[in-house]
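Colleague: If it helps, the file is called entry.pdb and holds PDB, C-alpha atoms:
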```pdb
ATOM      1  CA  MET A   1      48.219  25.094 162.001
ATOM      2  CA  LEU A   2      46.450  27.720 159.933
ATOM      3  CA  ASN A   3      47.609  30.462 162.285
ATOM      4  CA  LYS A   4      51.154  29.203 162.047
ATOM      5  CA  LEU A   5      50.990  29.150 158.239
ATOM      6  CA  LEU A   6      49.584  32.655 158.012
ATOM      7  CA  ASN A   7      51.992  34.049 160.562
ATOM      8  CA  ASN A   8      54.415  36.380 158.812
ATOM      9  CA  TRP A   9      53.069  35.133 155.424
ATOM     10  CA  PRO A  10      54.693  37.809 153.195
ATOM     11  CA  ALA A  11      58.166  36.660 154.179
ATOM     12  CA  LYS A  12      57.195  33.026 153.667
ATOM     13  CA  VAL A  13      55.824  33.777 150.156
ATOM     14  CA  LEU A  14      59.021  35.656 149.233
ATOM     15  CA  CYS A  15      61.154  32.760 150.446
ATOM     16  CA  PHE A  16      59.081  30.283 148.412
ATOM     17  CA  VAL A  17      59.327  32.401 145.243
ATOM     18  CA  GLY A  18      63.049  32.852 145.814
ATOM     19  CA  ALA A  19      63.486  29.097 146.148
ATOM     20  CA  VAL A  20      61.570  28.498 142.895
ATOM     21  CA  VAL A  21      63.675  31.097 141.092
ATOM     22  CA  LEU A  22      66.906  29.601 142.442
ATOM     23  CA  PHE A  23      65.771  26.154 141.350
ATOM     24  CA  PHE A  24      64.876  27.407 137.894
ATOM     25  CA  PHE A  25      68.196  29.205 137.391
ATOM     26  CA  HIS A  26      70.084  26.208 138.710
ATOM     27  CA  LYS A  27      68.287  24.027 136.222
ATOM     28  CA  ILE A  28      68.918  26.486 133.393
ATOM     29  CA  ASP A  29      72.544  26.756 134.378
ATOM     30  CA  ASN A  30      72.874  22.983 134.020
ATOM     31  CA  LEU A  31      71.465  22.976 130.456
ATOM     32  CA  GLU A  32      73.868  22.482 127.577
ATOM     33  CA  GLU A  33      73.893  24.095 124.101
ATOM     34  CA  THR A  34      74.517  22.848 120.586
ATOM     35  CA  TYR A  35      74.520  24.658 117.237
ATOM     36  CA  PHE A  36      73.961  23.666 113.624
ATOM     37  CA  SER A  37      72.480  25.153 110.443
ATOM     38  CA  VAL A  38      69.495  23.937 108.490
ATOM     39  CA  PRO A  39      68.001  24.893 105.110
ATOM     40  CA  LEU A  40      65.420  27.665 105.139
ATOM     41  CA  GLU A  41      62.229  26.698 103.337
ATOM     42  CA  VAL A  42      60.249  29.563 101.798
ATOM     43  CA  ILE A  43      56.588  28.844 101.119
ATOM     44  CA  LEU A  44      55.482  31.058  98.205
ATOM     45  CA  PRO A  45      52.106  31.877  96.693
ATOM     46  CA  GLU A  46      51.360  30.123  93.413
ATOM     47  CA  GLY A  47      52.813  31.906  90.378
ATOM     48  CA  PHE A  48      55.326  33.991  92.388
ATOM     49  CA  ILE A  49      59.100  33.746  92.707
ATOM     50  CA  PRO A  50      61.813  35.397  94.884
ATOM     51  CA  ALA A  51      63.314  38.532  93.308
ATOM     52  CA  SER A  52      65.877  39.429  95.985
ATOM     53  CA  GLU A  53      68.697  37.721  97.870
ATOM     54  CA  TYR A  54      67.988  36.019 101.179
ATOM     55  CA  SER A  55      69.735  33.573 103.484
ATOM     56  CA  HIS A  56      69.068  30.020 102.297
ATOM     57  CA  ARG A  57      70.250  28.556 105.615
ATOM     58  CA  VAL A  58      69.648  29.610 109.207
ATOM     59  CA  LYS A  59      71.570  28.935 112.410
ATOM     60  CA  ILE A  60      69.775  26.838 115.026
ATOM     61  CA  ASN A  61      70.692  27.069 118.735
ATOM     62  CA  LEU A  62      69.390  24.232 120.926
ATOM     63  CA  LYS A  63      69.575  24.358 124.705
ATOM     64  CA  GLY A  64      68.566  21.418 126.914
ATOM     65  CA  GLN A  65      69.743  18.476 128.980
ATOM     66  CA  GLY A  66      73.069  17.145 127.717
ATOM     67  CA  ASP A  67      71.854  13.554 127.413
ATOM     68  CA  THR A  68      69.020  14.557 125.069
ATOM     69  CA  VAL A  69      69.986  17.779 123.307
ATOM     70  CA  TYR A  70      72.968  16.183 121.542
ATOM     71  CA  SER A  71      70.804  13.358 120.225
ATOM     72  CA  ILE A  72      68.617  15.704 118.167
ATOM     73  CA  LEU A  73      69.282  15.347 114.411
ATOM     74  CA  GLU A  74      69.552  18.360 112.129
ATOM     75  CA  GLU A  75      66.901  17.034 109.755
ATOM     76  CA  ASP A  76      64.400  16.965 112.647
ATOM     77  CA  ILE A  77      64.414  20.763 112.940
ATOM     78  CA  ARG A  78      62.546  22.433 110.112
ATOM     79  CA  ALA A  79      62.926  26.187 109.525
ATOM     80  CA  TYR A  80      60.460  27.888 107.212
ATOM     81  CA  VAL A  81      58.917  31.211 106.228
ATOM     82  CA  ASP A  82      55.301  31.211 105.091
ATOM     83  CA  LEU A  83      54.500  33.869 102.457
ATOM     84  CA  SER A  84      51.700  31.917 100.801
ATOM     85  CA  ASN A  85      49.094  34.554 101.674
ATOM     86  CA  ARG A  86      50.894  37.313  99.717
ATOM     87  CA  THR A  87      49.200  37.874  96.353
ATOM     88  CA  GLN A  88      50.868  41.065  95.093
ATOM     89  CA  ASP A  89      54.362  41.983  93.935
ATOM     90  CA  GLY A  90      56.258  43.623  96.761
ATOM     91  CA  ARG A  91      58.857  43.398  99.506
ATOM     92  CA  TYR A  92      57.746  41.498 102.598
ATOM     93  CA  LYS A  93      59.184  40.856 106.065
ATOM     94  CA  ALA A  94      58.336  37.560 107.764
ATOM     95  CA  SER A  95      59.416  35.632 110.854
ATOM     96  CA  VAL A  96      61.295  32.363 110.595
ATOM     97  CA  GLU A  97      59.175  29.576 112.091
ATOM     98  CA  ILE A  98      60.461  26.329 113.615
ATOM     99  CA  GLU A  99      58.864  22.885 113.437
ATOM    100  CA  LYS A 100      60.193  20.017 115.588
ATOM    101  CA  LYS A 101      60.076  16.470 114.255
ATOM    102  CA  GLY A 102      61.406  13.036 115.075
ATOM    103  CA  THR A 103      64.187  13.157 117.658
ATOM    104  CA  ALA A 104      63.222  16.719 118.641
ATOM    105  CA  LEU A 105      59.733  15.716 119.789
ATOM    106  CA  GLY A 106      59.106  15.106 123.479
ATOM    107  CA  VAL A 107      62.408  16.653 124.567
ATOM    108  CA  ASP A 108      61.888  18.768 127.696
ATOM    109  CA  PRO A 109      63.348  21.121 128.566
ATOM    110  CA  LEU A 110      64.327  22.329 125.087
ATOM    111  CA  GLU A 111      64.939  25.913 124.077
ATOM    112  CA  VAL A 112      65.200  26.596 120.323
ATOM    113  CA  ARG A 113      66.519  29.875 118.912
ATOM    114  CA  VAL A 114      67.025  30.716 115.239
ATOM    115  CA  GLU A 115      69.283  33.304 113.548
ATOM    116  CA  PRO A 116      68.162  35.295 111.688
ATOM    117  CA  SER A 117      64.769  35.356 113.321
ATOM    118  CA  GLN A 118      63.157  37.036 110.307
ATOM    119  CA  ILE A 119      63.905  37.750 106.644
ATOM    120  CA  THR A 120      62.909  40.389 104.110
ATOM    121  CA  LEU A 121      62.081  39.066 100.659
ATOM    122  CA  LYS A 122      60.927  40.669  97.420
ATOM    123  CA  LEU A 123      58.313  38.721  95.456
ATOM    124  CA  GLU A 124      57.436  39.039  91.773
ATOM    125  CA  LYS A 125      55.285  37.112  89.368
ATOM    126  CA  GLU A 126      57.085  34.288  87.591
ATOM    127  CA  TYR A 127      57.559  34.987  83.859
ATOM    128  CA  ARG A 128      58.729  32.909  80.899
ATOM    129  CA  LYS A 129      60.203  34.289  77.655
ATOM    130  CA  SER A 130      62.185  33.051  74.634
ATOM    131  CA  ILE A 131      65.534  34.880  74.256
ATOM    132  CA  GLU A 132      68.005  34.745  71.325
ATOM    133  CA  VAL A 133      71.400  33.111  71.910
ATOM    134  CA  PHE A 134      74.695  34.676  70.737
ATOM    135  CA  PRO A 135      78.100  32.949  70.882
ATOM    136  CA  SER A 136      81.149  34.468  72.567
ATOM    137  CA  ILE A 137      83.880  33.882  69.936
ATOM    138  CA  SER A 138      87.593  34.265  70.635
ATOM    139  CA  GLY A 139      90.771  33.777  68.603
ATOM    140  CA  TYR A 140      91.361  33.754  64.849
ATOM    141  CA  PRO A 141      91.343  30.921  62.279
ATOM    142  CA  ALA A 142      94.559  29.787  60.604
ATOM    143  CA  GLN A 143      96.334  32.208  58.291
ATOM    144  CA  GLY A 144      94.314  32.610  55.113
ATOM    145  CA  PHE A 145      91.041  31.369  56.658
ATOM    146  CA  LYS A 146      88.038  33.084  58.190
ATOM    147  CA  LEU A 147      84.869  32.248  60.107
ATOM    148  CA  ASP A 148      82.418  32.720  57.241
ATOM    149  CA  HIS A 149      79.270  32.204  59.323
ATOM    150  CA  TYR A 150      77.879  30.105  62.163
ATOM    151  CA  TYR A 151      74.694  28.422  63.365
ATOM    152  CA  MET A 152      73.311  28.081  66.895
ATOM    153  CA  SER A 153      71.086  25.142  67.792
ATOM    154  CA  PRO A 154      68.772  26.102  69.319
ATOM    155  CA  SER A 155      69.009  29.729  68.246
ATOM    156  CA  SER A 156      66.870  30.838  71.212
ATOM    157  CA  VAL A 157      66.043  29.382  74.639
ATOM    158  CA  ASP A 158      63.297  29.846  77.210
ATOM    159  CA  VAL A 159      64.186  31.805  80.346
ATOM    160  CA  VAL A 160      62.145  31.699  83.554
ATOM    161  CA  GLY A 161      62.453  34.196  86.408
ATOM    162  CA  PRO A 162      61.042  37.352  87.996
ATOM    163  CA  MET A 163      59.088  39.341  85.423
ATOM    164  CA  SER A 164      61.167  42.532  85.681
ATOM    165  CA  MET A 165      64.444  40.640  85.206
ATOM    166  CA  VAL A 166      63.254  38.506  82.303
ATOM    167  CA  ASN A 167      61.790  41.512  80.481
ATOM    168  CA  SER A 168      65.080  43.408  80.766
ATOM    169  CA  LEU A 169      67.029  40.528  79.192
ATOM    170  CA  ARG A 170      67.866  41.221  75.531
ATOM    171  CA  ALA A 171      70.217  38.339  74.673
ATOM    172  CA  ILE A 172      71.919  35.303  76.151
ATOM    173  CA  THR A 173      75.614  34.634  75.509
ATOM    174  CA  THR A 174      77.500  31.380  75.579
ATOM    175  CA  GLU A 175      80.777  30.512  77.196
ATOM    176  CA  GLU A 176      83.848  31.113  75.033
ATOM    177  CA  VAL A 177      84.130  29.385  71.653
ATOM    178  CA  ASP A 178      87.806  29.377  70.602
ATOM    179  CA  ILE A 179      88.350  29.291  66.822
ATOM    180  CA  SER A 180      92.151  29.712  66.973
ATOM    181  CA  GLY A 181      93.951  27.857  64.169
ATOM    182  CA  ARG A 182      90.779  26.434  62.611
ATOM    183  CA  GLU A 183      90.958  25.455  58.916
ATOM    184  CA  GLU A 184      87.705  23.538  58.511
ATOM    185  CA  ASP A 185      84.090  23.457  59.700
ATOM    186  CA  PHE A 186      83.502  22.273  63.265
ATOM    187  CA  THR A 187      80.728  21.675  65.807
ATOM    188  CA  GLN A 188      81.027  22.294  69.535
ATOM    189  CA  ARG A 189      78.647  21.996  72.489
ATOM    190  CA  VAL A 190      78.858  25.024  74.768
ATOM    191  CA  ARG A 191      77.164  26.169  77.972
ATOM    192  CA  LEU A 192      75.016  29.268  78.344
ATOM    193  CA  VAL A 193      76.275  32.026  80.613
ATOM    194  CA  LYS A 194      74.000  32.802  83.578
ATOM    195  CA  ASP A 195      74.962  36.055  85.294
ATOM    196  CA  ASN A 196      71.748  36.208  87.311
ATOM    197  CA  ASP A 197      70.981  33.492  89.885
ATOM    198  CA  PHE A 198      67.277  34.358  89.769
ATOM    199  CA  LEU A 199      67.000  33.185  86.143
ATOM    200  CA  GLU A 200      66.684  29.565  85.027
ATOM    201  CA  TYR A 201      66.866  27.736  81.683
ATOM    202  CA  PRO A 202      64.122  25.084  81.949
ATOM    203  CA  GLY A 203      65.167  23.472  78.663
ATOM    204  CA  GLY A 204      68.809  23.072  79.711
ATOM    205  CA  ASN A 205      71.884  25.310  79.600
ATOM    206  CA  VAL A 206      73.807  23.662  76.728
ATOM    207  CA  VAL A 207      73.538  24.629  73.042
ATOM    208  CA  GLU A 208      75.402  23.576  69.886
ATOM    209  CA  PHE A 209      77.673  25.924  67.935
ATOM    210  CA  GLN A 210      78.475  25.084  64.291
ATOM    211  CA  GLY A 211      81.213  27.183  62.703
ATOM    212  CA  ILE A 212      81.708  27.373  58.918
ATOM    213  CA  ILE A 213      85.373  28.034  58.083
ATOM    214  CA  LYS A 214      86.380  29.171  54.601
ATOM    215  CA  GLN A 215      89.508  30.470  52.931
ATOM    216  CA  ALA A 216      89.671  34.227  53.215
ATOM    217  CA  SER A 217      89.495  36.417  50.111
ATOM    218  CA  ILE A 218      91.511  39.625  50.082
ATOM    219  CA  LEU A 219      92.285  42.502  47.737
ATOM    220  CA  LYS A 220      95.764  43.084  46.400
ATOM    221  CA  THR A 221      97.200  45.997  44.427
ATOM    222  CA  VAL A 222     100.317  45.437  42.324
ATOM    223  CA  ASP A 223     102.131  48.652  41.381
ATOM    224  CA  ASN A 224     105.120  49.606  39.203
ATOM    225  CA  LEU A 225     104.243  47.271  36.360
ATOM    226  CA  GLN A 226     106.060  47.744  33.038
ATOM    227  CA  ILE A 227     103.802  48.019  29.979
ATOM    228  CA  GLY A 228     104.831  45.587  27.280
ATOM    229  CA  LEU A 229     104.576  46.164  23.481
ATOM    230  CA  ASN A 230     103.558  42.988  21.688
ATOM    231  CA  ASP A 231     104.389  42.340  18.039
ATOM    232  CA  LEU A 232     105.768  45.799  17.267
ATOM    233  CA  ALA A 233     107.630  45.661  13.919
ATOM    234  CA  ALA A 234     111.383  45.378  14.273
ATOM    235  CA  ASP A 235     112.036  48.590  12.331
ATOM    236  CA  LEU A 236     109.695  50.700  14.507
ATOM    237  CA  GLN A 237     110.067  52.124  17.987
ATOM    238  CA  VAL A 238     108.134  54.224  20.524
ATOM    239  CA  VAL A 239     109.127  57.819  21.042
ATOM    240  CA  GLY A 240     109.880  58.437  24.747
ATOM    241  CA  SER A 241     109.305  56.069  27.656
ATOM    242  CA  LEU A 242     106.111  54.341  28.757
ATOM    243  CA  PRO A 243     104.573  55.002  32.197
ATOM    244  CA  GLU A 244     104.248  52.296  34.829
ATOM    245  CA  GLY A 245     100.873  50.653  35.449
ATOM    246  CA  ARG A 246      98.999  49.001  38.280
ATOM    247  CA  VAL A 247      96.385  46.276  38.728
ATOM    248  CA  GLN A 248      94.020  45.449  41.608
ATOM    249  CA  VAL A 249      92.846  41.860  42.031
ATOM    250  CA  LYS A 250      90.819  39.760  44.468
ATOM    251  CA  GLY A 251      91.437  36.150  45.423
ATOM    252  CA  LEU A 252      92.063  33.649  48.185
ATOM    253  CA  GLN A 253      94.667  34.959  50.593
ATOM    254  CA  ARG A 254      96.929  31.931  50.434
ATOM    255  CA  GLU A 255      96.996  31.970  46.625
ATOM    256  CA  LEU A 256      97.554  35.702  46.371
ATOM    257  CA  GLU A 257     100.489  35.534  48.755
ATOM    258  CA  SER A 258     102.131  32.832  46.608
ATOM    259  CA  TYR A 259     102.172  34.850  43.348
ATOM    260  CA  LYS A 260     105.118  37.067  42.367
ATOM    261  CA  SER A 261     104.787  40.529  40.876
ATOM    262  CA  TYR A 262     106.133  39.396  37.480
ATOM    263  CA  GLU A 263     103.062  37.164  37.071
ATOM    264  CA  TYR A 264     100.956  40.300  36.577
ATOM    265  CA  GLY A 265     101.304  42.526  33.541
ATOM    266  CA  LEU A 266      99.940  45.157  31.132
ATOM    267  CA  THR A 267     100.413  44.841  27.353
ATOM    268  CA  ILE A 268      99.598  46.688  24.111
ATOM    269  CA  ASP A 269      98.931  44.771  20.904
ATOM    270  CA  CYS A 270     101.031  46.499  18.192
ATOM    271  CA  SER A 271     100.599  43.902  15.455
ATOM    272  CA  ASP A 272      98.511  46.306  13.330
ATOM    273  CA  ILE A 273     101.089  49.130  13.456
ATOM    274  CA  THR A 274     103.071  48.988  10.205
ATOM    275  CA  GLU A 275     104.425  52.509   9.795
ATOM    276  CA  PRO A 276     105.383  55.535  11.878
ATOM    277  CA  GLY A 277     102.559  57.686  13.283
ATOM    278  CA  THR A 278     100.440  58.380  16.334
ATOM    279  CA  TYR A 279      98.204  55.574  17.585
ATOM    280  CA  THR A 280      95.700  55.311  20.474
ATOM    281  CA  LYS A 281      95.750  51.761  21.764
ATOM    282  CA  LYS A 282      93.759  49.842  24.358
ATOM    283  CA  ILE A 283      95.820  48.252  27.114
ATOM    284  CA  GLU A 284      95.217  44.633  28.053
ATOM    285  CA  THR A 285      96.134  42.783  31.266
ATOM    286  CA  TYR A 286      97.213  39.335  32.288
ATOM    287  CA  ILE A 287      96.909  37.990  35.865
ATOM    288  CA  PRO A 288      97.278  34.524  37.454
ATOM    289  CA  GLU A 289      94.434  32.106  36.815
ATOM    290  CA  GLY A 290      91.725  32.030  39.452
ATOM    291  CA  LEU A 291      92.005  35.687  40.460
ATOM    292  CA  LEU A 292      89.363  38.319  39.860
ATOM    293  CA  LEU A 293      90.515  41.533  38.139
ATOM    294  CA  LEU A 294      88.908  44.525  39.840
ATOM    295  CA  GLU A 295      90.741  47.508  38.368
ATOM    296  CA  TYR A 296      93.803  48.450  36.333
ATOM    297  CA  SER A 297      95.388  51.586  34.914
ATOM    298  CA  PRO A 298      96.092  53.002  32.481
ATOM    299  CA  LYS A 299      93.415  51.544  30.223
ATOM    300  CA  VAL A 300      94.261  53.470  27.037
ATOM    301  CA  MET A 301      97.520  54.974  25.842
ATOM    302  CA  THR A 302      98.562  57.166  22.903
ATOM    303  CA  LEU A 303     101.794  55.982  21.273
ATOM    304  CA  GLU A 304     104.037  57.966  18.969
ATOM    305  CA  ILE A 305     105.796  55.537  16.645
ATOM    306  CA  LYS A 306     108.875  56.275  14.559
ATOM    307  CA  SER A 307     111.305  54.369  12.409
ATOM    308  CA  LYS A 308     114.453  53.099  14.012
ATOM    309  CA  GLU A 309     117.542  55.020  13.004
ATOM    310  CA  THR A 310     120.047  53.061  10.913
ATOM    311  CA  PRO A 311     123.405  52.879  12.726
TER     312      PRO A 311
END
```
Write the structure described by the file as structure tokens, please.

Modeller:
Amino acid sequence: MLNKLLNNWPAKVLCFVGAVVLFFFHKIDNLEETYFSVPLEVILPEGFIPASEYSHRVKINLKGQGDTVYSILEEDIRAYVDLSNRTQDGRYKASVEIEKKGTALGVDPLEVRVEPSQITLKLEKEYRKSIEVFPSISGYPAQGFKLDHYYMSPSSVDVVGPMSMVNSLRAITTEEVDISGREEDFTQRVRLVKDNDFLEYPGGNVVEFQGIIKQASILKTVDNLQIGLNDLAADLQVVGSLPEGRVQVKGLQRELESYKSYEYGLTIDCSDITEPGTYTKKIETYIPEGLLLLEYSPKVMTLEIKSKETP
């Protein structure tokens, strides 16, 4: 028997190996595949945080017997990258590891492949800083009104993220606050804008905007005003013509726009002029009540007075 077994043994060994290989490939050929994606867990060292983009999900390819491979649940395949032994800022490359649980345990044969098989991730120390909040204001109040001032509550918020990104942040803006047509004070809750996904607002991303609306004050110049002579004796008159004057006032826009030009004026008190001659007189003004007089001209005028000619 031994002689028969050893007779032409190289050919017999090759035939046996060929049979095993054929059996293996036949078995592999009969395996079925299924695909799904699972979250990628990143295990980080304490006090560090990701500072670059990476795939948060990976594709899992399972290959096995059809009656068992399709029964495996997605939550029973865990994909993770372990960077817990990294203790310095830097960019690291690590392989994606697979852990089988539950319905994936005891399944044989089972081939598991993951895409991508490795990731590159930048790590930085986690940093926290208080940053001032500024509103993004759009529109204009109603005609004659203005946004006098505003308050933010809170006026600053804590930001957490990679140290380099947090340190480069100078201000945080809110979503748009529209003040169009406003005539009175108002309060509005508004969200904070987050342009960087690596940054977080641990205290929440909503602040309160309080706008103080007041009537707008404007300046107005009234030109071409006639200068009036008050209480000039009936038998006296001014030689020549008087120049035109102007006044500049300040007041609430709505009130200023309602006044007519004839409600402003310049006058000279002539009650003390009793005979012909040359007089230097101070000019006085009158303007609507509630307005502030800023400037007027002329302020002084020299008058030449003569008697009226008898017809």

Colleague: Considering only C-alpha atoms, can you say which of A:Ser71, A:Val42, A:Ile77, A:Leu256 comes closest to Leu292 in chain A?

Modeller: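 With only C-alpha atoms as the atom set, the closest residue is A:Leu256.
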
Colleague: Excluding Leu192 in chain A and any residue of its chain fewer than 6 positions from it, enumerate the residues within 10 Å of it, using all atoms listed in the file, and give them as a count of residues only.

Modeller: 15

Colleague: Can you measure CA of Val249 in chain A to CA of Leu225 in chain A for me? One decimal in Å is fine.

Modeller: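 Between CA of Val249 in chain A and CA of Leu225 in chain A the gap works out to 13.8 Å.
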
Colleague: Neighbours of Ser271 in chain A within 12 Å (only C-alpha atoms; same-chain residues fewer than 5 positions away dropped), as a list of chain:residue names?

Modeller: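 Once the adjacent positions are removed, what remains is A:Leu229, A:Asn230, A:Asp231, A:Leu232, A:Ala233, A:Ala234, A:Leu236, A:Lys281.
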
Colleague: Where does the PyMOL selection byres ((chain A and resi 169) around 12) land in this file, that is, which residues does it pick, as a ChimeraX atom specification?

Modeller: /A:127-133,158-168,170-173,194-196,199

Colleague: Expand the PyMOL selection byres ((chain A and resi 142) around 7) into the explicit residue set it covers here, and present it as a list of chain:residue names.

Modeller: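 Applied to this file, the PyMOL selection byres ((chain A and resi 142) around 7) selects A:Tyr140, A:Pro141, A:Gln143, A:Gly144, A:Phe145, A:Ser180, A:Gly181, A:Arg182, A:Glu183.
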
Colleague: Please write as a list in words the full residue list that the PyMOL selection byres ((chain A and resi 113) around 7) yields on this file.

Modeller: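 Given this file, the PyMOL selection byres ((chain A and resi 113) around 7) evaluates to Ile60, Asn61, Leu62, Glu111, Val112, Val114 and Glu115 of chain A.
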
Colleague: Okay, now the selection with C-alpha atoms, as a compact mmCIF listing (two decimals), in the frame of the given file?

Modeller:
```txt
# COMPACT_ATOMS: atom_id res chain seq x y z
CA ILE A 60 69.78 26.84 115.03
CA ASN A 61 70.69 27.07 118.74
CA LEU A 62 69.39 24.23 120.93
CA GLU A 111 64.94 25.91 124.08
CA VAL A 112 65.20 26.60 120.32
CA VAL A 114 67.03 30.72 115.24
CA GLU A 115 69.28 33.30 113.55
```

Colleague: Compile the contact shell of Thr221 in chain A as a compact mmCIF listing (two decimals) with C-alpha atoms, in the frame of the given file: residues with an atom at most 8 Å away, counting all atoms listed in the file, same-chain residues fewer than 6 positions apart removed.

Modeller:
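Saved to part_8.txt:
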```txt
# COMPACT_ATOMS: atom_id res chain seq x y z
CA ARG A 246 99.00 49.00 38.28
CA VAL A 247 96.38 46.28 38.73
CA GLN A 248 94.02 45.45 41.61
CA VAL A 249 92.85 41.86 42.03
```

Colleague: Do you have the CA of Thr87 in chain A-CA of Gly47 in chain A distance handy?

Modeller: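 Atom-to-atom, CA of Thr87 in chain A to CA of Gly47 in chain A, that is 9.2 Å.
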
Colleague: In Å, with one decimal, what is the gap from CA of Tyr35 in chain A to CA of Tyr70 in chain A?

Modeller: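 Spanning CA of Tyr35 in chain A to CA of Tyr70 in chain A is a straight-line distance of 9.6 Å.
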
Colleague: Just checking: using only C-alpha atoms, which residue out of A:Val239, A:Ile227, A:Ile218, A:Met301 ends up closest to Gly265 in chain A?

Modeller: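 Under the stated criterion, the closest residue is A:Ile227.
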
Colleague: Please produce range 228-234 of chain A, completed to all heavy atoms, as a PDB file, in the frame of the given file.

Modeller:
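This went into rebuild09.pdb:
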```
ATOM      1  N   GLY A 228     104.141  46.252  28.380  1.00  0.00           N
ATOM      2  CA  GLY A 228     104.831  45.587  27.280  1.00  0.00           C
ATOM      3  C   GLY A 228     104.205  45.892  25.927  1.00  0.00           C
ATOM      4  O   GLY A 228     102.995  46.103  25.817  1.00  0.00           O
ATOM      5  N   LEU A 229     105.048  45.941  24.852  1.00  0.00           N
ATOM      6  CA  LEU A 229     104.576  46.164  23.481  1.00  0.00           C
ATOM      7  C   LEU A 229     104.691  44.849  22.731  1.00  0.00           C
ATOM      8  O   LEU A 229     105.785  44.351  22.474  1.00  0.00           O
ATOM      9  CB  LEU A 229     105.418  47.244  22.811  1.00  0.00           C
ATOM     10  CG  LEU A 229     105.417  48.617  23.497  1.00  0.00           C
ATOM     11  CD1 LEU A 229     106.372  49.566  22.775  1.00  0.00           C
ATOM     12  CD2 LEU A 229     104.012  49.193  23.533  1.00  0.00           C
ATOM     13  N   ASN A 230     103.562  44.275  22.368  1.00  0.00           N
ATOM     14  CA  ASN A 230     103.558  42.988  21.688  1.00  0.00           C
ATOM     15  C   ASN A 230     103.511  43.168  20.170  1.00  0.00           C
ATOM     16  O   ASN A 230     102.695  43.933  19.642  1.00  0.00           O
ATOM     17  CB  ASN A 230     102.352  42.149  22.136  1.00  0.00           C
ATOM     18  CG  ASN A 230     102.486  41.671  23.568  1.00  0.00           C
ATOM     19  OD1 ASN A 230     103.565  41.750  24.158  1.00  0.00           O
ATOM     20  ND2 ASN A 230     101.387  41.168  24.116  1.00  0.00           N
ATOM     21  N   ASP A 231     104.403  42.430  19.509  1.00  0.00           N
ATOM     22  CA  ASP A 231     104.389  42.340  18.039  1.00  0.00           C
ATOM     23  C   ASP A 231     104.610  43.687  17.356  1.00  0.00           C
ATOM     24  O   ASP A 231     104.047  43.949  16.283  1.00  0.00           O
ATOM     25  CB  ASP A 231     103.077  41.714  17.535  1.00  0.00           C
ATOM     26  CG  ASP A 231     102.870  40.305  18.058  1.00  0.00           C
ATOM     27  OD1 ASP A 231     103.886  39.595  18.230  1.00  0.00           O
ATOM     28  OD2 ASP A 231     101.708  39.924  18.307  1.00  0.00           O
ATOM     29  N   LEU A 232     105.400  44.561  17.948  1.00  0.00           N
ATOM     30  CA  LEU A 232     105.768  45.799  17.267  1.00  0.00           C
ATOM     31  C   LEU A 232     106.848  45.465  16.227  1.00  0.00           C
ATOM     32  O   LEU A 232     107.818  44.768  16.534  1.00  0.00           O
ATOM     33  CB  LEU A 232     106.295  46.831  18.273  1.00  0.00           C
ATOM     34  CG  LEU A 232     106.683  48.196  17.693  1.00  0.00           C
ATOM     35  CD1 LEU A 232     105.476  48.897  17.049  1.00  0.00           C
ATOM     36  CD2 LEU A 232     107.309  49.081  18.768  1.00  0.00           C
ATOM     37  N   ALA A 233     106.678  45.965  14.997  1.00  0.00           N
ATOM     38  CA  ALA A 233     107.630  45.661  13.919  1.00  0.00           C
ATOM     39  C   ALA A 233     109.046  46.017  14.351  1.00  0.00           C
ATOM     40  O   ALA A 233     109.276  46.997  15.078  1.00  0.00           O
ATOM     41  CB  ALA A 233     107.244  46.431  12.656  1.00  0.00           C
ATOM     42  N   ALA A 234     109.995  45.219  13.841  1.00  0.00           N
ATOM     43  CA  ALA A 234     111.383  45.378  14.273  1.00  0.00           C
ATOM     44  C   ALA A 234     111.984  46.704  13.859  1.00  0.00           C
ATOM     45  O   ALA A 234     112.918  47.195  14.510  1.00  0.00           O
ATOM     46  CB  ALA A 234     112.219  44.228  13.724  1.00  0.00           C
TER      47      ALA A 234
END
```
